[in-house]
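Next comes my_file-v4.cif, with mmCIF, C-alpha atoms, pLDDT in the B column; chains and numbers go by the auth columns.
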```cif
data_upload
#
loop_
_atom_site.group_PDB
_atom_site.id
_atom_site.type_symbol
_atom_site.label_atom_id
_atom_site.label_comp_id
_atom_site.label_asym_id
_atom_site.label_seq_id
_atom_site.Cartn_x
_atom_site.Cartn_y
_atom_site.Cartn_z
_atom_site.B_iso_or_equiv
_atom_site.auth_seq_id
_atom_site.auth_asym_id
ATOM 1 C CA PHE A 1 -12.433 -7.644 -5.823 78.00 24 A
ATOM 2 C CA ASP A 2 -11.081 -10.911 -4.424 76.00 25 A
ATOM 3 C CA THR A 3 -7.873 -12.034 -6.112 79.00 26 A
ATOM 4 C CA GLY A 4 -8.653 -15.627 -5.237 73.00 27 A
ATOM 5 C CA ASN A 5 -5.712 -17.988 -5.100 69.00 28 A
ATOM 6 C CA VAL A 6 -2.898 -15.424 -5.392 77.00 29 A
ATOM 7 C CA SER A 7 -0.663 -16.085 -2.405 74.00 30 A
ATOM 8 C CA VAL A 8 2.680 -14.818 -1.159 79.00 31 A
ATOM 9 C CA SER A 9 2.731 -16.960 1.943 75.00 32 A
ATOM 10 C CA GLY A 10 6.331 -17.593 2.940 80.00 33 A
ATOM 11 C CA THR A 11 7.915 -15.180 0.449 86.00 34 A
ATOM 12 C CA ASN A 12 8.932 -11.560 0.146 91.00 35 A
ATOM 13 C CA PHE A 13 6.406 -9.552 -1.805 90.00 36 A
ATOM 14 C CA SER A 14 5.572 -6.150 -3.273 92.00 37 A
ATOM 15 C CA THR A 15 2.294 -4.564 -4.279 90.00 38 A
ATOM 16 C CA SER A 16 2.031 -1.802 -6.866 92.00 39 A
ATOM 17 C CA PHE A 17 -1.071 0.215 -7.748 91.00 40 A
ATOM 18 C CA TRP A 18 -2.392 3.636 -8.743 92.00 41 A
ATOM 19 C CA ILE A 19 -5.091 5.407 -6.733 92.00 42 A
ATOM 20 C CA LYS A 20 -7.184 8.550 -7.195 93.00 43 A
ATOM 21 C CA ILE A 21 -9.182 10.068 -4.325 91.00 44 A
ATOM 22 C CA ASP A 22 -11.434 12.975 -5.346 90.00 45 A
ATOM 23 C CA ASN A 23 -13.973 13.128 -2.530 87.00 46 A
ATOM 24 C CA GLN A 24 -13.664 13.569 1.201 85.00 47 A
ATOM 25 C CA SER A 25 -14.066 10.476 3.319 83.00 48 A
ATOM 26 C CA SER A 26 -17.525 9.725 4.687 80.00 49 A
ATOM 27 C CA ASN A 27 -15.977 8.565 7.956 82.00 50 A
ATOM 28 C CA PRO A 28 -13.216 10.660 9.584 82.00 51 A
ATOM 29 C CA TRP A 29 -11.979 7.654 11.576 82.00 52 A
ATOM 30 C CA GLY A 30 -12.714 4.859 9.141 82.00 53 A
ATOM 31 C CA ARG A 31 -10.019 2.813 7.452 83.00 54 A
ATOM 32 C CA GLN A 32 -10.328 2.296 3.724 85.00 55 A
ATOM 33 C CA GLN A 33 -8.556 -0.703 2.274 83.00 56 A
ATOM 34 C CA VAL A 34 -6.904 -0.023 -1.072 83.00 57 A
ATOM 35 C CA PHE A 35 -5.107 -3.292 -1.616 75.00 58 A
ATOM 36 C CA PRO A 36 -4.768 -5.178 1.646 73.00 59 A
ATOM 37 C CA ALA A 37 -2.508 -8.152 2.075 72.00 60 A
ATOM 38 C CA LYS A 38 -4.305 -10.256 4.647 69.00 61 A
ATOM 39 C CA PRO A 39 -2.116 -12.083 7.169 70.00 62 A
ATOM 40 C CA SER A 40 -2.363 -15.847 7.308 68.00 63 A
ATOM 41 C CA ASN A 41 -3.524 -15.712 10.922 63.00 64 A
ATOM 42 C CA ASN A 42 -6.327 -13.234 10.073 59.00 65 A
ATOM 43 C CA THR A 43 -4.972 -10.474 12.326 58.00 66 A
ATOM 44 C CA SER A 44 -6.519 -7.421 10.687 54.00 67 A
ATOM 45 C CA ASN A 45 -4.266 -4.948 12.516 56.00 68 A
ATOM 46 C CA TYR A 46 -1.414 -6.059 10.300 60.00 69 A
ATOM 47 C CA THR A 47 -3.148 -5.590 6.996 67.00 70 A
ATOM 48 C CA ILE A 48 -1.019 -3.776 4.413 71.00 71 A
ATOM 49 C CA GLY A 49 -2.776 -1.153 2.311 74.00 72 A
ATOM 50 C CA HIS A 50 -4.774 1.230 4.502 76.00 73 A
ATOM 51 C CA ILE A 51 -5.890 4.694 3.528 82.00 74 A
ATOM 52 C CA THR A 52 -7.172 6.736 6.439 82.00 75 A
ATOM 53 C CA PRO A 53 -8.273 10.311 7.161 83.00 76 A
ATOM 54 C CA ARG A 54 -7.171 9.894 10.813 79.00 77 A
ATOM 55 C CA GLY A 55 -9.916 12.129 12.200 81.00 78 A
ATOM 56 C CA ASP A 56 -9.904 14.749 9.432 83.00 79 A
ATOM 57 C CA THR A 57 -11.937 14.232 6.266 83.00 80 A
ATOM 58 C CA THR A 58 -9.896 16.849 4.370 87.00 81 A
ATOM 59 C CA ARG A 59 -6.864 14.560 4.129 87.00 82 A
ATOM 60 C CA GLN A 60 -6.097 10.978 3.221 89.00 83 A
ATOM 61 C CA TRP A 61 -2.906 9.244 4.354 89.00 84 A
ATOM 62 C CA LEU A 62 -1.381 5.854 3.893 89.00 85 A
ATOM 63 C CA GLN A 63 -1.494 3.961 7.167 87.00 86 A
ATOM 64 C CA LEU A 64 -0.038 0.829 8.705 86.00 87 A
ATOM 65 C CA GLN A 65 -0.333 -0.612 12.179 83.00 88 A
ATOM 66 C CA GLY A 66 2.870 -2.241 13.337 85.00 89 A
ATOM 67 C CA ASN A 67 6.122 -1.704 15.174 88.00 90 A
ATOM 68 C CA ASP A 68 8.859 0.785 14.417 91.00 91 A
ATOM 69 C CA ASN A 69 12.148 -0.189 12.794 92.00 92 A
ATOM 70 C CA THR A 70 13.512 -1.537 16.081 91.00 93 A
ATOM 71 C CA GLY A 71 10.697 -4.076 16.337 89.00 94 A
ATOM 72 C CA ALA A 72 9.255 -2.340 19.406 88.00 95 A
ATOM 73 C CA ASN A 73 6.974 0.646 20.026 87.00 96 A
ATOM 74 C CA SER A 74 3.752 -0.632 18.543 86.00 97 A
ATOM 75 C CA ALA A 75 1.703 2.208 17.035 86.00 98 A
ATOM 76 C CA THR A 76 -0.384 3.368 14.118 86.00 99 A
ATOM 77 C CA TYR A 77 1.933 4.848 11.496 89.00 100 A
ATOM 78 C CA THR A 78 1.022 7.194 8.658 89.00 101 A
ATOM 79 C CA THR A 79 2.738 9.017 5.809 87.00 102 A
ATOM 80 C CA GLN A 80 1.802 12.405 7.180 81.00 103 A
ATOM 81 C CA ASN A 81 3.937 14.317 4.687 79.00 104 A
ATOM 82 C CA ILE A 82 1.659 13.464 1.751 87.00 105 A
ATOM 83 C CA ASN A 83 -2.085 14.126 1.543 90.00 106 A
ATOM 84 C CA LEU A 84 -3.526 12.015 -1.267 91.00 107 A
ATOM 85 C CA LEU A 85 -6.942 13.699 -1.322 91.00 108 A
ATOM 86 C CA GLY A 86 -7.673 15.693 -4.481 92.00 109 A
ATOM 87 C CA THR A 87 -4.170 15.278 -5.920 92.00 110 A
ATOM 88 C CA GLY A 88 -5.056 13.174 -8.963 92.00 111 A
ATOM 89 C CA TRP A 89 -3.498 9.790 -9.624 92.00 112 A
ATOM 90 C CA ASN A 90 -0.758 8.617 -7.286 93.00 113 A
ATOM 91 C CA HIS A 91 1.436 5.536 -7.586 94.00 114 A
ATOM 92 C CA VAL A 92 1.854 3.493 -4.400 94.00 115 A
ATOM 93 C CA VAL A 93 4.171 0.564 -3.711 94.00 116 A
ATOM 94 C CA PHE A 94 4.584 -1.533 -0.582 93.00 117 A
ATOM 95 C CA THR A 95 7.493 -3.942 -0.170 93.00 118 A
ATOM 96 C CA HIS A 96 7.568 -6.558 2.567 91.00 119 A
ATOM 97 C CA ASP A 97 10.582 -8.668 3.569 92.00 120 A
ATOM 98 C CA ILE A 98 9.486 -11.813 5.342 88.00 121 A
ATOM 99 C CA THR A 99 12.914 -12.423 6.918 91.00 122 A
ATOM 100 C CA THR A 100 13.426 -8.998 8.448 92.00 123 A
ATOM 101 C CA THR A 101 9.642 -8.247 8.618 90.00 124 A
ATOM 102 C CA ASP A 102 10.411 -4.782 7.196 93.00 125 A
ATOM 103 C CA THR A 103 7.668 -3.004 5.241 92.00 126 A
ATOM 104 C CA TYR A 104 8.545 0.042 3.124 94.00 127 A
ATOM 105 C CA ALA A 105 6.199 2.413 1.304 94.00 128 A
ATOM 106 C CA TYR A 106 6.801 4.436 -1.863 95.00 129 A
ATOM 107 C CA ILE A 107 4.584 7.187 -3.271 95.00 130 A
ATOM 108 C CA ASN A 108 5.231 8.328 -6.846 95.00 131 A
ATOM 109 C CA GLY A 109 8.602 6.608 -6.845 95.00 132 A
ATOM 110 C CA VAL A 110 9.820 8.177 -3.589 95.00 133 A
ATOM 111 C CA ALA A 111 10.479 6.175 -0.411 95.00 134 A
ATOM 112 C CA GLN A 112 8.370 7.418 2.483 94.00 135 A
ATOM 113 C CA THR A 113 9.085 7.992 6.151 94.00 136 A
ATOM 114 C CA TRP A 114 6.516 6.574 8.532 93.00 137 A
ATOM 115 C CA THR A 115 5.371 8.802 11.394 91.00 138 A
ATOM 116 C CA ALA A 116 3.662 7.406 14.494 90.00 139 A
ATOM 117 C CA PHE A 117 0.168 8.816 14.845 83.00 140 A
ATOM 118 C CA SER A 118 0.040 7.283 18.311 75.00 141 A
ATOM 119 C CA GLY A 119 2.926 5.948 20.361 74.00 142 A
ATOM 120 C CA THR A 120 6.660 6.560 19.931 77.00 143 A
ATOM 121 C CA PRO A 121 9.092 6.990 18.308 78.00 144 A
ATOM 122 C CA THR A 122 8.265 8.853 15.109 83.00 145 A
ATOM 123 C CA ASN A 123 9.843 9.169 11.678 90.00 146 A
ATOM 124 C CA VAL A 124 11.135 5.716 10.774 93.00 147 A
ATOM 125 C CA PRO A 125 11.965 4.420 7.267 94.00 148 A
ATOM 126 C CA PHE A 126 10.102 1.151 7.648 93.00 149 A
ATOM 127 C CA ILE A 127 7.696 -0.688 9.914 92.00 150 A
ATOM 128 C CA LYS A 128 8.019 -4.249 11.117 90.00 151 A
ATOM 129 C CA MET A 129 4.964 -6.344 10.232 85.00 152 A
ATOM 130 C CA PRO A 130 5.619 -9.710 11.870 74.00 153 A
ATOM 131 C CA TYR A 131 3.228 -11.956 9.972 72.00 154 A
ATOM 132 C CA THR A 132 3.136 -14.096 6.859 71.00 155 A
ATOM 133 C CA TYR A 133 0.651 -12.734 4.333 73.00 156 A
ATOM 134 C CA SER A 134 -1.511 -15.120 2.375 69.00 157 A
ATOM 135 C CA THR A 135 -4.368 -13.463 0.444 72.00 158 A
ATOM 136 C CA PHE A 136 -5.195 -10.193 -1.297 78.00 159 A
ATOM 137 C CA ARG A 137 -8.396 -8.254 -1.870 80.00 160 A
ATOM 138 C CA ILE A 138 -8.698 -5.051 -3.917 86.00 161 A
ATOM 139 C CA GLY A 139 -10.797 -2.216 -2.541 86.00 162 A
ATOM 140 C CA ALA A 140 -12.026 -3.717 0.736 83.00 163 A
ATOM 141 C CA PHE A 141 -11.166 -5.882 3.700 76.00 164 A
ATOM 142 C CA ASN A 142 -13.504 -8.879 3.561 71.00 165 A
ATOM 143 C CA THR A 143 -16.905 -7.141 3.324 75.00 166 A
ATOM 144 C CA SER A 144 -16.069 -3.841 5.005 80.00 167 A
ATOM 145 C CA GLU A 145 -13.707 -0.849 4.933 83.00 168 A
ATOM 146 C CA PHE A 146 -14.397 -0.132 1.272 86.00 169 A
ATOM 147 C CA PHE A 147 -12.063 2.209 -0.585 87.00 170 A
ATOM 148 C CA GLU A 148 -13.663 5.524 -1.609 87.00 171 A
ATOM 149 C CA GLY A 149 -11.882 6.326 -4.850 90.00 172 A
ATOM 150 C CA PHE A 150 -10.387 4.818 -8.008 91.00 173 A
ATOM 151 C CA ILE A 151 -7.809 2.027 -8.239 91.00 174 A
ATOM 152 C CA ASP A 152 -5.853 1.047 -11.338 90.00 175 A
ATOM 153 C CA GLU A 153 -2.965 -1.149 -12.536 91.00 176 A
ATOM 154 C CA VAL A 154 -2.776 -3.404 -9.493 91.00 177 A
ATOM 155 C CA ALA A 155 0.143 -5.855 -9.389 92.00 178 A
ATOM 156 C CA ILE A 156 1.530 -8.419 -6.964 90.00 179 A
ATOM 157 C CA PHE A 157 5.179 -9.479 -7.010 93.00 180 A
ATOM 158 C CA ASN A 158 6.664 -12.383 -5.063 92.00 181 A
ATOM 159 C CA TYR A 159 9.854 -10.435 -4.352 94.00 182 A
ATOM 160 C CA ASN A 160 10.884 -6.966 -3.183 95.00 183 A
ATOM 161 C CA LEU A 161 10.875 -4.487 -6.039 95.00 184 A
ATOM 162 C CA SER A 162 14.067 -2.456 -6.151 94.00 185 A
ATOM 163 C CA ALA A 163 13.970 1.318 -5.771 94.00 186 A
ATOM 164 C CA SER A 164 14.990 1.661 -9.437 93.00 187 A
ATOM 165 C CA ASP A 165 12.177 -0.634 -10.599 92.00 188 A
ATOM 166 C CA ILE A 166 9.652 1.343 -8.543 95.00 189 A
ATOM 167 C CA GLU A 167 10.879 4.637 -9.957 93.00 190 A
ATOM 168 C CA ALA A 168 10.780 3.258 -13.501 91.00 191 A
ATOM 169 C CA ILE A 169 7.192 1.994 -13.154 92.00 192 A
ATOM 170 C CA TYR A 170 6.125 5.427 -11.942 94.00 193 A
ATOM 171 C CA ASN A 171 8.081 7.432 -14.524 92.00 194 A
ATOM 172 C CA ILE A 172 6.894 5.459 -17.559 87.00 195 A
ATOM 173 C CA THR A 173 3.255 6.188 -16.772 85.00 196 A
ATOM 174 C CA ASN A 174 3.633 9.650 -15.240 85.00 197 A
ATOM 175 C CA ASN A 175 5.723 11.049 -18.102 81.00 198 A
ATOM 176 C CA ASP A 176 3.222 9.849 -20.710 77.00 199 A
ATOM 177 C CA PRO A 177 -0.319 9.427 -19.324 73.00 200 A
ATOM 178 C CA THR A 178 -1.407 7.670 -22.536 73.00 201 A
ATOM 179 C CA LYS A 179 1.075 4.863 -21.871 76.00 202 A
ATOM 180 C CA THR A 180 1.026 2.433 -18.972 82.00 203 A
ATOM 181 C CA ALA A 181 4.159 0.688 -17.793 85.00 204 A
ATOM 182 C CA ASP A 182 4.302 -2.850 -19.200 88.00 205 A
ATOM 183 C CA LEU A 183 5.028 -4.768 -16.021 90.00 206 A
ATOM 184 C CA SER A 184 5.502 -7.983 -17.957 87.00 207 A
ATOM 185 C CA THR A 185 8.793 -6.605 -19.335 86.00 208 A
ATOM 186 C CA LEU A 186 10.428 -6.404 -15.898 87.00 209 A
ATOM 187 C CA SER A 187 13.263 -8.859 -15.310 87.00 210 A
ATOM 188 C CA THR A 188 10.855 -10.746 -13.046 91.00 211 A
ATOM 189 C CA PRO A 189 7.247 -9.904 -13.926 93.00 212 A
ATOM 190 C CA PRO A 190 4.425 -9.833 -11.369 93.00 213 A
ATOM 191 C CA ILE A 191 2.691 -13.045 -10.364 91.00 214 A
ATOM 192 C CA ALA A 192 -0.635 -11.230 -10.827 89.00 215 A
ATOM 193 C CA TRP A 193 -1.558 -8.051 -12.688 91.00 216 A
ATOM 194 C CA TYR A 194 -5.041 -6.526 -12.706 89.00 217 A
ATOM 195 C CA ARG A 195 -5.510 -3.882 -15.386 86.00 218 A
ATOM 196 C CA MET A 196 -8.849 -2.807 -13.847 81.00 219 A
ATOM 197 C CA GLY A 197 -10.679 -2.462 -17.148 72.00 220 A
ATOM 198 C CA ASP A 198 -7.829 -1.460 -19.514 60.00 221 A
#
```

Before anything else, please render the file you have as C-alpha cells.
Amino acid sequence: FDTGNVSVSGTNFSTSFWIKIDNQSSNPWGRQQVFPAKPSNNTSNYTIGHITPRGDTTRQWLQLQGNDNTGANSATYTTQNINLLGTGWNHVVFTHDITTTDTYAYINGVAQTWTAFSGTPTNVPFIKMPYTYSTFRIGAFNTSEFFEGFIDEVAIFNYNLSASDIEAIYNITNNDPTKTADLSTLSTPPIAWYRMGD
C-alpha cells in the first residue's frame, strides 16, 4: 500500500503499527518490509521497517542497517532478544530524530537494544540513520520485499513519540483487545492513520 503524499522530509518522525507473523519466512535471507520510510535519496540500505529471519526461517527480527550510536561501525542491526514469529500481535514503534539521526525501536511498549548481526560493536540503544526520509509504503519496498504477515493500525507522526505515549498506545489495545487506541486523542495526533480495514 502506497501512502502517497505523506511526507516527513525535514522533520522528526515516528511510525506505529501492529504486526502478526504466523508462518515461517519463505526466504531465510530475504528482507520483508513492514512499514518502510524511504530516504529522499533512494538509498534502500537506510530504509526503516525491516523484518528479517537473518538466515533462519524459525525466527523473525526487526532489522535496520546503519551505524551504531557513535555514528561509526556500520553494520546490520537486529533486535535479537525478541522473536516475532508465532507470538501473536506485536506493537512496534520507530522514532527518528533528524537532528541527531538517532533511530530507536520499541516492541510492545519497551525500548529495544540493537545488536550488530555483522560488524562491531554490539548492544546499542539506537542506530544513526543519516538521511532525510520522504515517503512511506506499507507492506513492501517499491515492488519487492513483501511482508509475510498481517499489519494493522499504521500511523505516521511528524514528531518523536515519547516513551509514555508509546506505552499508552500499547496498553490501551493490549489490555482490551476489543478496543483500539484512539490515536486522534493524543496531544498531537498522527499526520496519517491507516486503520487497515477497521

Expand the PyMOL selection byres ((chain A and resi 151-164) around 7) into the individual residues it matches in the shown file, reporting them as number ranges by chain. A: 24-26, 29-33, 55-63, 69, 89-92, 94, 121, 124-126, 149-150, 165-170

With C-alpha atoms kept, could you save the residues just selected as a compact mmCIF listing (two decimals), in the frame of the given file?
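The result, stored in again-v5.txt:
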```txt
# COMPACT_ATOMS: atom_id res chain seq x y z
CA PHE A 24 -12.43 -7.64 -5.82
CA ASP A 25 -11.08 -10.91 -4.42
CA THR A 26 -7.87 -12.03 -6.11
CA VAL A 29 -2.90 -15.42 -5.39
CA SER A 30 -0.66 -16.08 -2.40
CA VAL A 31 2.68 -14.82 -1.16
CA SER A 32 2.73 -16.96 1.94
CA GLY A 33 6.33 -17.59 2.94
CA GLN A 55 -10.33 2.30 3.72
CA GLN A 56 -8.56 -0.70 2.27
CA VAL A 57 -6.90 -0.02 -1.07
CA PHE A 58 -5.11 -3.29 -1.62
CA PRO A 59 -4.77 -5.18 1.65
CA ALA A 60 -2.51 -8.15 2.08
CA LYS A 61 -4.30 -10.26 4.65
CA PRO A 62 -2.12 -12.08 7.17
CA SER A 63 -2.36 -15.85 7.31
CA TYR A 69 -1.41 -6.06 10.30
CA GLY A 89 2.87 -2.24 13.34
CA ASN A 90 6.12 -1.70 15.17
CA ASP A 91 8.86 0.78 14.42
CA ASN A 92 12.15 -0.19 12.79
CA GLY A 94 10.70 -4.08 16.34
CA ILE A 121 9.49 -11.81 5.34
CA THR A 124 9.64 -8.25 8.62
CA ASP A 125 10.41 -4.78 7.20
CA THR A 126 7.67 -3.00 5.24
CA PHE A 149 10.10 1.15 7.65
CA ILE A 150 7.70 -0.69 9.91
CA ASN A 165 -13.50 -8.88 3.56
CA THR A 166 -16.90 -7.14 3.32
CA SER A 167 -16.07 -3.84 5.00
CA GLU A 168 -13.71 -0.85 4.93
CA PHE A 169 -14.40 -0.13 1.27
CA PHE A 170 -12.06 2.21 -0.58
```

Any chance you could resolve the PyMOL selection byres ((chain A and resi 190) around 12) against this file and give the residues as a VMD selection string? chain A and resid 39 114 to 116 129 to 134 184 to 189 191 to 198 204

Around all the atoms of segment 136-144 of chain A listed in the file, draw an axis-aligned box and extend it by 5 Å on each of the six sides; I want its centre and edge lengths in Å to one decimal, as lines of an AutoDock Vina configuration file.
```
center_x = 4.6
center_y = 7.4
center_z = 13.3
size_x = 19.1
size_y = 12.9
size_z = 24.2
```

Expected selection from the PyMOL selection byres ((chain A and resi 140) around 6), given as an NGL selection string: :A and (99-100 or 139 or 141)

Might you pull out every residue within 8 Å of Gly109 of chain A, with only C-alpha atoms counted and same-chain residues fewer than 4 positions away left off, and present them as a PDB file with C-alpha atoms, in the coordinates of the input?
```
ATOM      1  CA  LYS A  43      -7.184   8.550  -7.195  1.00 93.00           C
ATOM      2  CA  ILE A  44      -9.182  10.068  -4.325  1.00 91.00           C
ATOM      3  CA  ASP A  45     -11.434  12.975  -5.346  1.00 90.00           C
ATOM      4  CA  ASN A  46     -13.973  13.128  -2.530  1.00 87.00           C
TER       5      ASN A  46
END
```

Who sits within 7 Å of Phe36 of chain A, only C-alpha atoms, same chain under 3 positions skipped, as a compact mmCIF listing (two decimals) with C-alpha atoms, in the coordinates of the input:
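Just written: result.txt:
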```
# COMPACT_ATOMS: atom_id res chain seq x y z
CA VAL A 31 2.68 -14.82 -1.16
CA THR A 118 7.49 -3.94 -0.17
CA HIS A 119 7.57 -6.56 2.57
CA ASP A 120 10.58 -8.67 3.57
CA PHE A 180 5.18 -9.48 -7.01
CA ASN A 181 6.66 -12.38 -5.06
CA TYR A 182 9.85 -10.44 -4.35
CA ASN A 183 10.88 -6.97 -3.18
```

Could you tell me how far atom CA of Pro144 of chain A lies from atom CA of Thr81 of chain A, in Å and to one decimal? 25.5 Å

One-decimal distance in Å that lies between atom CA of Trp216 of chain A and atom CA of Pro76 of chain A: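 One can read the atom CA of Pro76 of chain A to atom CA of Trp216 of chain A distance as 27.9 Å.
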
Among the residues A:Ser48, A:Thr38, A:Glu176, A:Phe117, the one that comes closest to Tyr217 of chain A [using all atoms listed in the file]: A:Glu176

Here is a test: counting all atoms listed in the file, which residue of A:Asn113, A:Asn96, A:Leu85, A:Leu107 is nearest to Thr136 of chain A? A:Leu85

To one decimal place in Å, what is the distance between atom CA of Trp84 of chain A and atom CA of Tyr127 of chain A?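 Atom-to-atom, atom CA of Trp84 of chain A to atom CA of Tyr127 of chain A, that is 14.7 Å.
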
Which residue, A:Ile174, A:Ile42, A:Ile74, A:Ala128, has the smallest gap to Trp112 of chain A when you use all atoms listed in the file?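 That would be A:Ile42, the residue with the smallest distance to Trp112 of chain A.
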
Residue nearest Arg54 of chain A - candidates A:Ile105, A:Leu206, A:Ala98, A:Leu87, atoms counted: only C-alpha atoms: A:Leu87

Determine the nearest neighbour of Phe173 of chain A from the options A:Gly220, A:Pro51, A:Gly78, A:Gly142, counting all atoms listed in the file. A:Gly220
